[in-house]
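Trainee: Contents of input_27.cif (mmCIF, C-alpha atoms and all ligand atoms) are given next:
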data_entry
loop_
_atom_site.label_atom_id
_atom_site.label_comp_id
_atom_site.auth_asym_id
_atom_site.auth_seq_id
_atom_site.Cartn_x
_atom_site.Cartn_y
_atom_site.Cartn_z
CA MET C 1 38.81 -3.35 1.15
CA ARG C 2 38.34 0.04 -0.52
CA ARG C 3 41.18 2.18 -1.78
CA ILE C 4 41.49 5.51 -3.63
CA ARG C 5 43.85 5.66 -6.62
CA TYR C 6 44.25 7.58 -9.86
CA HIS C 7 45.24 6.19 -13.23
CA SER C 8 45.74 9.48 -15.05
CA TYR C 9 46.73 12.99 -13.99
CA GLY C 10 44.01 15.60 -13.85
CA SER C 11 41.22 17.24 -11.87
CA PRO C 12 39.80 15.74 -8.62
CA GLU C 13 37.47 13.51 -10.68
CA VAL C 14 40.41 11.22 -11.57
CA LEU C 15 40.36 9.94 -7.98
CA ALA C 16 38.64 6.55 -8.11
CA LEU C 17 37.35 4.27 -5.39
CA GLU C 18 38.48 0.69 -6.10
CA GLU C 19 38.27 -2.69 -4.46
CA ALA C 20 41.73 -3.96 -3.51
CA PRO C 21 43.14 -6.98 -1.65
CA VAL C 22 44.02 -6.43 2.01
CA PRO C 23 47.76 -5.63 2.03
CA ASP C 24 50.17 -7.98 3.80
CA PRO C 25 52.44 -6.27 6.34
CA LYS C 26 56.10 -7.23 5.79
CA ALA C 27 58.84 -7.39 8.43
CA GLY C 28 58.88 -4.12 10.35
CA GLN C 29 55.38 -3.17 9.18
CA VAL C 30 51.92 -3.14 10.74
CA LEU C 31 48.42 -3.28 9.29
CA LEU C 32 46.13 -0.49 10.53
CA ARG C 33 42.36 -0.19 10.32
CA ALA C 34 41.83 3.49 9.59
CA GLU C 35 39.60 5.62 11.80
CA ALA C 36 40.49 8.93 10.10
CA ILE C 37 42.91 10.00 7.36
CA GLY C 38 44.43 13.49 7.21
CA ALA C 39 44.73 14.82 3.66
CA ASN C 40 47.88 16.51 2.31
CA PHE C 41 47.86 19.49 -0.06
CA VAL C 42 50.88 18.12 -1.98
CA ASP C 43 48.68 15.30 -3.35
CA THR C 44 46.60 17.84 -5.28
CA GLN C 45 49.82 18.86 -7.06
CA LEU C 46 50.98 15.26 -7.57
CA ARG C 47 47.50 14.37 -8.90
CA ARG C 48 47.90 17.08 -11.53
CA GLY C 49 51.29 15.60 -12.48
CA MET C 50 53.27 18.37 -10.73
CA ALA C 51 55.77 18.26 -7.85
CA GLN C 52 57.62 15.18 -9.16
CA THR C 53 61.39 15.16 -9.18
CA GLU C 54 64.01 12.54 -9.94
CA LEU C 55 64.30 12.01 -6.19
CA TYR C 56 60.51 11.91 -5.75
CA PRO C 57 59.16 9.99 -8.77
CA ARG C 58 55.44 9.27 -8.73
CA PRO C 59 54.55 6.83 -11.53
CA LEU C 60 50.92 5.99 -12.39
CA PRO C 61 48.71 4.43 -11.14
CA ARG C 62 49.22 6.38 -7.96
CA SER C 63 47.81 6.32 -4.41
CA LEU C 64 47.37 9.28 -2.07
CA THR C 65 49.64 10.07 0.85
CA GLY C 66 48.02 10.81 4.19
CA ASP C 67 48.32 10.67 7.94
CA VAL C 68 46.30 7.80 9.29
CA VAL C 69 44.85 7.38 12.76
CA GLY C 70 43.81 3.81 13.38
CA THR C 71 44.13 0.57 15.31
CA VAL C 72 46.79 -2.06 14.64
CA GLU C 73 45.08 -5.22 13.33
CA ALA C 74 48.14 -7.29 12.42
CA VAL C 75 51.93 -7.09 12.37
CA GLY C 76 54.48 -8.41 9.88
CA PRO C 77 57.15 -11.06 10.62
CA ASP C 78 59.64 -10.10 13.37
CA THR C 79 57.44 -7.17 14.42
CA ASP C 80 56.25 -6.64 18.01
CA PRO C 81 52.90 -8.48 18.38
CA GLY C 82 52.24 -6.28 21.43
CA LEU C 83 51.30 -3.53 18.97
CA ILE C 84 48.09 -5.35 17.99
CA GLY C 85 45.05 -3.48 19.30
CA ARG C 86 46.97 -0.22 19.89
CA ARG C 87 45.56 3.12 18.65
CA VAL C 88 48.32 4.81 16.68
CA ALA C 89 48.98 7.41 14.00
CA ALA C 90 51.22 6.88 10.96
CA ALA C 91 52.13 8.48 7.67
CA SER C 92 51.49 6.37 4.59
CA GLU C 93 52.09 6.62 0.84
CA ASP C 94 48.85 4.66 0.30
CA ALA C 95 46.68 6.17 2.99
CA PHE C 96 43.18 6.58 1.55
CA CYS C 97 42.07 2.99 2.24
CA ASP C 98 40.14 1.01 4.84
CA LEU C 99 43.34 -0.86 5.80
CA ILE C 100 46.81 0.61 5.61
CA VAL C 101 50.31 -0.78 5.89
CA ALA C 102 52.69 1.42 7.89
CA ASP C 103 56.31 1.36 9.03
CA ALA C 104 56.38 0.25 12.70
CA ARG C 105 59.45 2.46 13.39
CA TRP C 106 57.49 5.68 12.90
CA LEU C 107 54.20 4.73 14.56
CA VAL C 108 53.06 7.36 17.03
CA PRO C 109 51.08 5.95 19.97
CA VAL C 110 47.90 8.00 20.37
CA PRO C 111 47.03 8.85 23.98
CA ASP C 112 43.54 7.86 25.18
CA GLY C 113 40.92 10.48 24.46
CA LEU C 114 42.99 12.45 21.95
CA ASP C 115 40.79 13.63 19.08
CA ALA C 116 41.46 12.11 15.65
CA GLY C 117 42.29 15.48 14.08
CA THR C 118 45.08 16.25 16.53
CA ALA C 119 46.28 12.63 16.42
CA SER C 120 46.46 12.84 12.60
CA ALA C 121 48.95 15.70 12.87
CA LEU C 122 51.45 13.75 14.97
CA PRO C 123 53.24 11.78 12.20
CA VAL C 124 53.90 14.64 9.72
CA ALA C 125 52.15 18.03 10.04
CA ALA C 126 53.25 18.70 13.63
CA PRO C 127 56.84 17.35 13.17
CA VAL C 128 57.21 19.56 10.08
CA ALA C 129 55.90 22.60 12.01
CA LEU C 130 58.33 21.86 14.87
CA GLY C 131 61.17 21.02 12.47
CA VAL C 132 60.92 24.28 10.53
CA LEU C 133 60.91 26.34 13.74
CA ARG C 134 64.01 24.47 14.96
CA ALA C 135 65.66 24.77 11.51
CA GLY C 136 65.06 28.53 11.87
CA ARG C 137 66.83 28.38 15.27
CA LEU C 138 64.00 30.29 16.90
CA ALA C 139 65.14 31.89 20.17
CA HIS C 140 62.97 33.09 23.04
CA GLY C 141 61.21 36.39 22.33
CA GLU C 142 62.04 36.45 18.60
CA THR C 143 59.59 37.52 15.91
CA VAL C 144 58.29 34.82 13.58
CA LEU C 145 56.46 35.17 10.28
CA VAL C 146 54.40 32.09 9.36
CA HIS C 147 53.18 32.06 5.75
CA SER C 148 50.04 30.10 4.69
CA ALA C 149 49.31 30.04 8.40
CA ALA C 150 45.72 28.78 8.16
CA GLY C 151 46.83 25.51 6.56
CA ALA C 152 47.29 22.09 8.10
CA ILE C 153 50.96 22.69 8.96
CA GLY C 154 50.73 26.49 9.20
CA HIS C 155 48.22 26.68 12.06
CA LEU C 156 50.30 24.23 14.08
CA ALA C 157 53.43 26.31 13.39
CA VAL C 158 51.62 29.35 14.84
CA GLN C 159 50.70 27.42 18.01
CA LEU C 160 54.18 25.88 18.33
CA ALA C 161 55.95 29.21 17.83
CA LYS C 162 54.09 30.50 20.89
CA ILE C 163 54.74 27.28 22.86
CA LEU C 164 58.48 27.61 22.09
CA GLY C 165 58.54 31.18 23.40
CA ALA C 166 58.34 33.35 20.28
CA GLY C 167 57.62 37.02 20.86
CA THR C 168 55.46 38.42 18.08
CA VAL C 169 53.96 35.89 15.66
CA ILE C 170 52.86 37.35 12.34
CA ALA C 171 50.72 35.07 10.21
CA THR C 172 49.82 35.40 6.53
CA ALA C 173 46.88 33.93 4.63
CA SER C 174 44.75 34.74 1.60
CA THR C 175 41.33 35.64 3.05
CA THR C 176 39.76 37.57 5.93
CA ALA C 177 38.21 34.36 7.31
CA LYS C 178 41.65 32.77 7.38
CA LEU C 179 43.18 35.81 9.10
CA ASP C 180 40.51 35.63 11.85
CA PHE C 181 41.32 31.93 12.18
CA VAL C 182 45.10 32.43 12.49
CA ARG C 183 44.60 35.04 15.21
CA ALA C 184 42.43 32.50 17.06
CA GLN C 185 45.39 30.08 16.80
CA GLY C 186 47.55 32.58 18.70
CA ALA C 187 49.00 34.85 16.00
CA ASP C 188 49.47 38.43 17.18
CA VAL C 189 49.08 39.92 13.71
CA GLY C 190 47.41 38.66 10.53
CA VAL C 191 48.46 39.93 7.10
CA ASN C 192 46.81 39.13 3.77
CA TYR C 193 49.73 38.18 1.52
CA THR C 194 47.63 38.47 -1.63
CA ASP C 195 47.84 42.26 -1.08
CA GLU C 196 50.70 43.70 -3.12
CA ASP C 197 51.99 45.67 -0.12
CA TRP C 198 52.12 42.73 2.33
CA PRO C 199 55.84 43.21 3.11
CA GLU C 200 55.15 46.80 4.27
CA LYS C 201 52.39 45.51 6.56
CA VAL C 202 54.81 42.97 8.02
CA ARG C 203 57.41 45.71 8.55
CA LEU C 204 54.79 47.83 10.37
CA ALA C 205 54.23 44.92 12.76
CA ALA C 206 57.96 44.21 13.10
CA PRO C 207 59.87 47.48 12.57
CA GLY C 208 63.21 45.82 13.37
CA GLY C 209 62.53 43.00 10.93
CA VAL C 210 61.49 39.39 11.35
CA ASP C 211 63.91 36.88 12.90
CA VAL C 212 62.44 33.70 11.40
CA VAL C 213 60.26 33.27 8.29
CA LEU C 214 58.58 29.93 7.56
CA ASP C 215 57.61 29.54 3.92
CA ALA C 216 55.96 26.75 1.96
CA ALA C 217 54.27 28.97 -0.64
CA GLY C 218 57.48 29.51 -2.64
CA GLY C 219 57.81 31.72 -5.72
CA GLU C 220 57.15 35.42 -5.19
CA VAL C 221 56.32 34.96 -1.48
CA LEU C 222 59.73 33.35 -0.90
CA ARG C 223 61.57 36.07 -2.82
CA ARG C 224 59.81 38.97 -1.08
CA SER C 225 60.22 37.37 2.36
CA LEU C 226 63.95 38.11 2.27
CA ASP C 227 63.14 41.83 2.41
CA VAL C 228 61.36 41.56 5.76
CA LEU C 229 64.17 39.66 7.53
CA ALA C 230 66.05 41.38 10.36
CA PRO C 231 69.87 41.33 10.23
CA TYR C 232 70.89 37.74 11.02
CA GLY C 233 67.30 36.65 10.24
CA ARG C 234 66.64 33.14 8.93
CA LEU C 235 64.21 32.05 6.21
CA VAL C 236 63.16 28.40 6.20
CA ALA C 237 61.79 27.05 2.90
CA TYR C 238 59.86 23.79 3.07
CA GLY C 239 57.42 23.63 0.16
CA ALA C 240 56.03 25.22 -2.99
CA ALA C 241 52.24 25.42 -2.68
CA SER C 242 52.24 28.14 -5.36
CA GLY C 243 53.68 25.59 -7.79
CA GLU C 244 56.93 27.55 -8.07
CA LEU C 245 59.91 26.87 -5.81
CA GLY C 246 61.42 30.32 -6.33
CA SER C 247 65.07 31.27 -6.32
CA ILE C 248 67.19 33.73 -4.41
CA PRO C 249 70.35 35.46 -5.72
CA VAL C 250 73.29 34.81 -3.40
CA THR C 251 74.06 38.55 -3.34
CA ASP C 252 70.71 39.08 -1.56
CA LEU C 253 72.14 37.16 1.39
CA PHE C 254 75.03 39.58 1.94
CA ALA C 255 72.77 41.74 4.13
CA LEU C 256 73.35 39.17 6.91
CA ARG C 257 70.35 37.02 5.97
CA SER C 258 70.33 33.27 5.64
CA VAL C 259 68.11 30.74 3.95
CA THR C 260 67.78 27.13 4.92
CA GLY C 261 65.43 24.30 4.03
CA PHE C 262 63.64 21.52 5.82
CA SER C 263 62.35 18.10 4.79
CA LEU C 264 60.90 15.72 7.35
CA ILE C 265 62.18 12.71 5.40
CA ALA C 266 65.70 14.18 5.43
CA ALA C 267 65.43 15.05 9.15
CA GLN C 268 64.30 11.51 10.06
CA ALA C 269 67.12 9.99 7.99
CA ALA C 270 69.78 12.36 9.36
CA ASP C 271 68.99 11.91 13.05
CA PRO C 272 66.29 9.31 13.80
CA GLU C 273 66.79 9.63 17.58
CA ARG C 274 66.15 13.36 17.50
CA ALA C 275 63.11 12.80 15.26
CA VAL C 276 61.66 10.28 17.74
CA LYS C 277 62.25 12.75 20.62
CA GLY C 278 60.38 15.36 18.58
CA LEU C 279 57.38 13.01 18.29
CA ALA C 280 57.36 12.49 22.07
CA GLU C 281 57.57 16.27 22.65
CA LEU C 282 54.64 16.90 20.27
CA THR C 283 52.57 14.11 21.81
CA GLU C 284 53.10 15.75 25.20
CA TYR C 285 51.90 19.15 23.88
CA ALA C 286 48.87 17.42 22.34
CA THR C 287 48.10 15.53 25.55
CA GLN C 288 48.25 18.77 27.50
CA ARG C 289 45.88 20.32 24.89
CA LEU C 290 48.49 22.99 24.15
CA LEU C 291 48.60 21.81 20.53
CA ARG C 292 45.32 21.18 18.74
CA THR C 293 44.45 20.50 15.15
CA ALA C 294 41.48 22.41 13.75
CA VAL C 295 39.40 20.11 11.55
CA HIS C 296 37.88 22.07 8.67
CA ALA C 297 35.83 19.18 7.29
CA ARG C 298 35.34 15.48 7.83
CA LEU C 299 34.22 13.68 4.68
CA PRO C 300 33.61 10.00 3.88
CA LEU C 301 36.34 8.14 1.99
CA THR C 302 33.89 7.87 -0.92
CA GLU C 303 34.09 11.69 -1.22
CA THR C 304 37.86 12.00 -1.55
CA SER C 305 37.38 13.99 -4.78
CA GLU C 306 35.54 16.58 -2.68
CA VAL C 307 38.45 16.61 -0.19
CA HIS C 308 40.73 17.57 -3.10
CA ARG C 309 38.26 20.18 -4.42
CA LEU C 310 38.23 21.79 -0.98
CA LEU C 311 42.04 21.75 -0.75
CA GLU C 312 42.32 23.35 -4.19
CA SER C 313 39.76 26.02 -3.34
CA ARG C 314 42.21 27.24 -0.65
CA ALA C 315 39.29 27.36 1.79
CA GLN C 316 40.58 25.09 4.51
CA LEU C 317 41.00 26.33 8.06
CA GLY C 318 43.34 23.68 9.45
CA ARG C 319 43.04 20.13 8.22
CA ILE C 320 40.59 18.03 6.19
CA LEU C 321 39.94 14.45 7.27
CA ALA C 322 38.54 11.52 5.30
CA VAL C 323 36.69 8.89 7.28
CA PRO C 324 36.35 5.25 6.02
N1 LIG C 401 59.24 19.81 3.82
C1 LIG C 401 58.48 18.84 4.30
O1 LIG C 401 58.94 17.90 4.95
C2 LIG C 401 57.01 18.92 4.04
C3 LIG C 401 56.16 17.91 4.53
C4 LIG C 401 54.80 18.03 4.29
C5 LIG C 401 54.30 19.10 3.56
N2 LIG C 401 55.17 20.04 3.08
C6 LIG C 401 54.68 21.21 2.33
O2 LIG C 401 54.09 22.08 3.26
C7 LIG C 401 53.13 22.88 2.58
C8 LIG C 401 51.86 22.92 3.39
O3 LIG C 401 51.26 21.65 3.38
P1 LIG C 401 49.81 21.45 4.01
O4 LIG C 401 49.43 20.05 3.73
O5 LIG C 401 49.82 21.98 5.41
O6 LIG C 401 48.91 22.39 3.07
P2 LIG C 401 47.97 23.61 3.48
O7 LIG C 401 48.82 24.70 4.05
O8 LIG C 401 46.82 23.12 4.26
O9 LIG C 401 47.45 24.05 2.05
C9 LIG C 401 48.30 24.75 1.18
C10 LIG C 401 48.09 26.27 1.36
O10 LIG C 401 49.04 26.94 0.59
C11 LIG C 401 48.59 28.25 0.38
N3 LIG C 401 48.94 28.72 -0.94
C12 LIG C 401 49.85 29.68 -1.20
N4 LIG C 401 49.95 29.92 -2.50
C13 LIG C 401 49.07 29.09 -3.09
C14 LIG C 401 48.69 28.89 -4.45
N5 LIG C 401 49.23 29.61 -5.47
N6 LIG C 401 47.75 27.96 -4.72
C15 LIG C 401 47.20 27.24 -3.74
N7 LIG C 401 47.52 27.40 -2.42
C16 LIG C 401 48.43 28.33 -2.12
C17 LIG C 401 47.07 28.24 0.60
O11 LIG C 401 46.78 29.03 1.75
P3 LIG C 401 46.31 30.57 1.49
O12 LIG C 401 44.99 30.47 0.77
O13 LIG C 401 46.21 31.17 2.82
O14 LIG C 401 47.37 31.15 0.63
C18 LIG C 401 46.76 26.78 0.85
O15 LIG C 401 45.71 26.61 1.73
C19 LIG C 401 52.96 22.28 1.18
O16 LIG C 401 53.70 23.08 0.28
C20 LIG C 401 53.59 20.91 1.32
O17 LIG C 401 54.11 20.44 0.10
C21 LIG C 401 56.50 19.97 3.32
#
For this file, produce the structure as structure tokens.

Mentor:
Amino acid sequence: MRRIRYHSYGSPEVLALEEAPVPDPKAGQVLLRAEAIGANFVDTQLRRGMAQTELYPRPLPRSLTGDVVGTVEAVGPDTDPGLIGRRVAAASEDAFCDLIVADARWLVPVPDGLDAGTASALPVAAPVALGVLRAGRLAHGETVLVHSAAGAIGHLAVQLAKILGAGTVIATASTTAKLDFVRAQGADVGVNYTDEDWPEKVRLAAPGGVDVVLDAAGGEVLRRSLDVLAPYGRLVAYGAASGELGSIPVTDLFALRSVTGFSLIAAQAADPERAVKGLAELTEYATQRLLRTAVHARLPLTETSEVHRLLESRAQLGRILAVP
């Protein structure tokens, strides 16, 4: 089978297509034949040798993470054989392959007729979007600011904020095309956060302040987001697409503002039952076509370098899929 890996850090050209043996699913695992693979922005940072921590080591040679939609071809020992033949979605640390091994516990059954793009969001992008809104304790009618809202997770967070009863949803992005896109996803207001005065524009749209901010840009965007929070407002940090996590002085929180964080891995470990309920809730929204993933591009597996070039160009409206 074919697999994408990299043996050195660097530009998208380091991504190489290799022949590899078909992996053997172990106990609790399944083998999936991929139909589509959703790409993750974080892999562009990992590929450049960034975003590694002691808790998240990524030694070379390295595979790409991704969210796979596919059909179960085989199961490991002591794993339900009834899964064979099922169409499912799963996150994988070695996802850009023809055949993928995935953890049976976190397989998401894909309803008949659901498009591959939306199905690809069910294991990670949609649970993160839902998780950050819940971590921000969004209440009915509250104002939400979604940063990087045209991205794979961001555009789902805009849709989910509305589904969960948010009042005004303000969405930021870096281009006019992206701002048109986020409004089409349900945002009431679009603000270009590459403009120096973006916080003033947010305050114009939300004179009383924003109740919940969702941020995965980090750095300066994170720091300046505190200034647009309403009293008792909550900022949820969940990534650092800018390459800088950012830091906040504790004294800045005295104005009745709080900051929290979210990691899907931590949420699944802390309360697996709640995480599984979240997957069922999201699958229901997707089945009802309330939640849809916009697919910006669909490229063959052989063009994974191009997938990464697109992600790094910051052009994507929604998600990019690779197809074996
Ligand atoms: N906490 C978790 O459990 C978890 C899980 C998965 C992913 N994440 C994080 O969530 C974030 C979004 O992931 P995604 O896959 O949905 O990516 P994405 O939003 O599709 O792509 C990243 C976006 O970040 C924005 N961005 C802001 N500053 C940037 C900069 N300096 N350089 C490049 N891009 C910049 C860009 O949008 P604009 O052009 O509009 O600025 C870009 O399109 C990532 O930071 C990822 O690491 C967190």

Trainee: Give me the range 61-161 of chain C side of the contact with range 185-191 of chain C, cut-off 12 Å, one line per residue showing its nearest atom pair and distance in Å at one decimal, counting only C-alpha atoms, sorted by chain and residue number, as a Markdown table.

Mentor:
| residue | atom | partner | partner_atom | distance |
| --- | --- | --- | --- | --- |
| C:Thr143 | CA | C:Asp188 | CA | 10.2 |
| C:Val144 | CA | C:Ala187 | CA | 9.6 |
| C:Leu145 | CA | C:Ala187 | CA | 9.4 |
| C:Val146 | CA | C:Ala187 | CA | 9.0 |
| C:His147 | CA | C:Val191 | CA | 9.3 |
| C:Ser148 | CA | C:Val191 | CA | 10.2 |
| C:Ala149 | CA | C:Ala187 | CA | 9.0 |
| C:Ala150 | CA | C:Gln185 | CA | 8.7 |
| C:Gly151 | CA | C:Gln185 | CA | 11.3 |
| C:Ala152 | CA | C:Gln185 | CA | 12.0 |
| C:Gly154 | CA | C:Gln185 | CA | 10.0 |
| C:His155 | CA | C:Gln185 | CA | 6.5 |
| C:Leu156 | CA | C:Gln185 | CA | 8.1 |
| C:Ala157 | CA | C:Gln185 | CA | 9.5 |
| C:Val158 | CA | C:Ala187 | CA | 6.2 |
| C:Gln159 | CA | C:Gln185 | CA | 6.1 |
| C:Leu160 | CA | C:Gly186 | CA | 9.4 |
| C:Ala161 | CA | C:Gly186 | CA | 9.1 |

Trainee: Hey, which bits of chain C sit within 6 Å of ligand LIG 401 (chain C), and for each residue what's the closest pair of atoms and how far apart in Å (one decimal), counting all atoms listed in the file, rows by chain and increasing number, as a Markdown table?

Mentor:
| residue | atom | partner | partner_atom | distance |
| --- | --- | --- | --- | --- |
| C:Asn40 | CA | C:LIG401 | O4 | 4.1 |
| C:Phe41 | CA | C:LIG401 | O4 | 4.1 |
| C:Val42 | CA | C:LIG401 | O17 | 4.5 |
| C:Val128 | CA | C:LIG401 | O1 | 5.7 |
| C:Ser148 | CA | C:LIG401 | O13 | 4.4 |
| C:Ala150 | CA | C:LIG401 | O13 | 5.9 |
| C:Gly151 | CA | C:LIG401 | O7 | 3.3 |
| C:Ala152 | CA | C:LIG401 | O5 | 3.7 |
| C:Ile153 | CA | C:LIG401 | O5 | 3.8 |
| C:Gly154 | CA | C:LIG401 | O7 | 5.8 |
| C:Ala173 | CA | C:LIG401 | O13 | 3.4 |
| C:Ser174 | CA | C:LIG401 | O13 | 4.0 |
| C:Ala216 | CA | C:LIG401 | O16 | 4.6 |
| C:Ala217 | CA | C:LIG401 | C12 | 4.5 |
| C:Tyr238 | CA | C:LIG401 | N1 | 4.1 |
| C:Gly239 | CA | C:LIG401 | O16 | 3.8 |
| C:Ala240 | CA | C:LIG401 | O16 | 4.5 |
| C:Ala241 | CA | C:LIG401 | O16 | 4.0 |
| C:Ser242 | CA | C:LIG401 | N5 | 3.4 |
| C:Phe262 | CA | C:LIG401 | N1 | 5.1 |
| C:Ser263 | CA | C:LIG401 | O1 | 3.4 |
| C:Leu264 | CA | C:LIG401 | O1 | 3.8 |
| C:Arg314 | CA | C:LIG401 | O15 | 4.3 |

Trainee: So, with only C-alpha atoms as the atoms that count, which of C:Ala102, C:Val210, C:Val221, C:Ala95 lies closest to Glu142 in chain C?

Mentor: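 Looking only at the distances to Glu142 in chain C, the closest residue turns out to be C:Val210.
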
Trainee: Quick one: distance from CA of Thr65 in chain C to CA of Ile163 in chain C in Å, one decimal?

Mentor: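 Computed distance, CA of Thr65 in chain C to CA of Ile163 in chain C, equals 28.4 Å.
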
Trainee: Tell me which of C:Arg137, C:Thr194, C:Arg2, C:Gly208 sits closest to Thr168 in chain C, counting all atoms listed in the file.

Mentor: C:Gly208

Trainee: For Leu122 in chain C, which residue among C:Leu310, C:Val182, C:Ala275, C:Leu31 is the nearest when counting only C-alpha atoms?

Mentor: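 With only C-alpha atoms as the atom set, the closest residue is C:Ala275.
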
Trainee: Between CA of Phe96 in chain C and CA of Thr118 in chain C, what is the spacing in Å?

Mentor: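 Result for CA of Thr118 in chain C versus CA of Phe96 in chain C: 17.9 Å, one decimal.
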
Trainee: Please, what distance in Å, to one decimal, runs between CA of Val295 in chain C and CA of Ala36 in chain C?

Mentor: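 Straight-line distance from CA of Val295 in chain C to CA of Ala36 in chain C works out to 11.3 Å.
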
Trainee: For each of C:Glu306, C:Ala125, C:Arg3, C:Leu107, take the minimum atom-to-atom distance to Glu18 in chain C, counting only C-alpha atoms, then give the residue where this is smallest.

Mentor: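 Looking only at the distances to Glu18 in chain C, the closest residue turns out to be C:Arg3.
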
Trainee: Residues at most 9 Å from Arg86 in chain C, counting only C-alpha atoms, excluding those fewer than 2 positions away in the same chain, as a PyMOL selection string?

Mentor: chain C and resi 70-73+82-84+88+109-110

Trainee: Can you pull out every residue within 9 Å of range 279-281 of chain C, counting all atoms listed in the file, but drop anything in the same chain fewer than 5 positions away, and send it as a ChimeraX atom specification?

Mentor: /C:108,122-123,126-127,274,286

Trainee: Write the residues you've just listed into a file as an mmCIF file, keeping the file's coordinate frame, and include C-alpha atoms for each of them.

Mentor:
data_model
loop_
_atom_site.group_PDB
_atom_site.id
_atom_site.type_symbol
_atom_site.label_atom_id
_atom_site.label_comp_id
_atom_site.auth_asym_id
_atom_site.auth_seq_id
_atom_site.Cartn_x
_atom_site.Cartn_y
_atom_site.Cartn_z
ATOM 1 C CA VAL C 108 53.060 7.360 17.030
ATOM 2 C CA LEU C 122 51.450 13.750 14.970
ATOM 3 C CA PRO C 123 53.240 11.780 12.200
ATOM 4 C CA ALA C 126 53.250 18.700 13.630
ATOM 5 C CA PRO C 127 56.840 17.350 13.170
ATOM 6 C CA ARG C 274 66.150 13.360 17.500
ATOM 7 C CA ALA C 286 48.870 17.420 22.340
#

Trainee: Of the candidates C:Gly167, C:Gly136, C:Gly318, C:Gly49, which shows the shortest atom-to-atom distance to Ala121 in chain C, using all atoms listed in the file?

Mentor: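 Residue with the minimum atom-to-atom distance to Ala121 in chain C: C:Gly318.
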
Trainee: Between C:Met50, C:Ala166, C:Ile37, C:Ala104, single out the one closest to Leu245 in chain C, counting all atoms listed in the file.

Mentor: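 Checking each of C:Met50, C:Ala166, C:Ile37, C:Ala104 against Leu245 in chain C, counting all atoms listed in the file, the winner is C:Met50.
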
Trainee: Can you tell me which residues surround Ile320 in chain C at a distance of at most 9 Å, considering only C-alpha atoms, apart from same-chain residues fewer than 3 positions away, and format the answer as a ChimeraX atom specification?

Mentor: /C:37-40,117,152,294-299,307,310-311,316-317

Trainee: With C-alpha atoms retained, export the selected residues as an mmCIF file, in the coordinates of the input.

Mentor:
data_model
loop_
_atom_site.group_PDB
_atom_site.id
_atom_site.type_symbol
_atom_site.label_atom_id
_atom_site.label_comp_id
_atom_site.auth_asym_id
_atom_site.auth_seq_id
_atom_site.Cartn_x
_atom_site.Cartn_y
_atom_site.Cartn_z
ATOM 1 C CA ILE C 37 42.910 10.000 7.360
ATOM 2 C CA GLY C 38 44.430 13.490 7.210
ATOM 3 C CA ALA C 39 44.730 14.820 3.660
ATOM 4 C CA ASN C 40 47.880 16.510 2.310
ATOM 5 C CA GLY C 117 42.290 15.480 14.080
ATOM 6 C CA ALA C 152 47.290 22.090 8.100
ATOM 7 C CA ALA C 294 41.480 22.410 13.750
ATOM 8 C CA VAL C 295 39.400 20.110 11.550
ATOM 9 C CA HIS C 296 37.880 22.070 8.670
ATOM 10 C CA ALA C 297 35.830 19.180 7.290
ATOM 11 C CA ARG C 298 35.340 15.480 7.830
ATOM 12 C CA LEU C 299 34.220 13.680 4.680
ATOM 13 C CA VAL C 307 38.450 16.610 -0.190
ATOM 14 C CA LEU C 310 38.230 21.790 -0.980
ATOM 15 C CA LEU C 311 42.040 21.750 -0.750
ATOM 16 C CA GLN C 316 40.580 25.090 4.510
ATOM 17 C CA LEU C 317 41.000 26.330 8.060
#
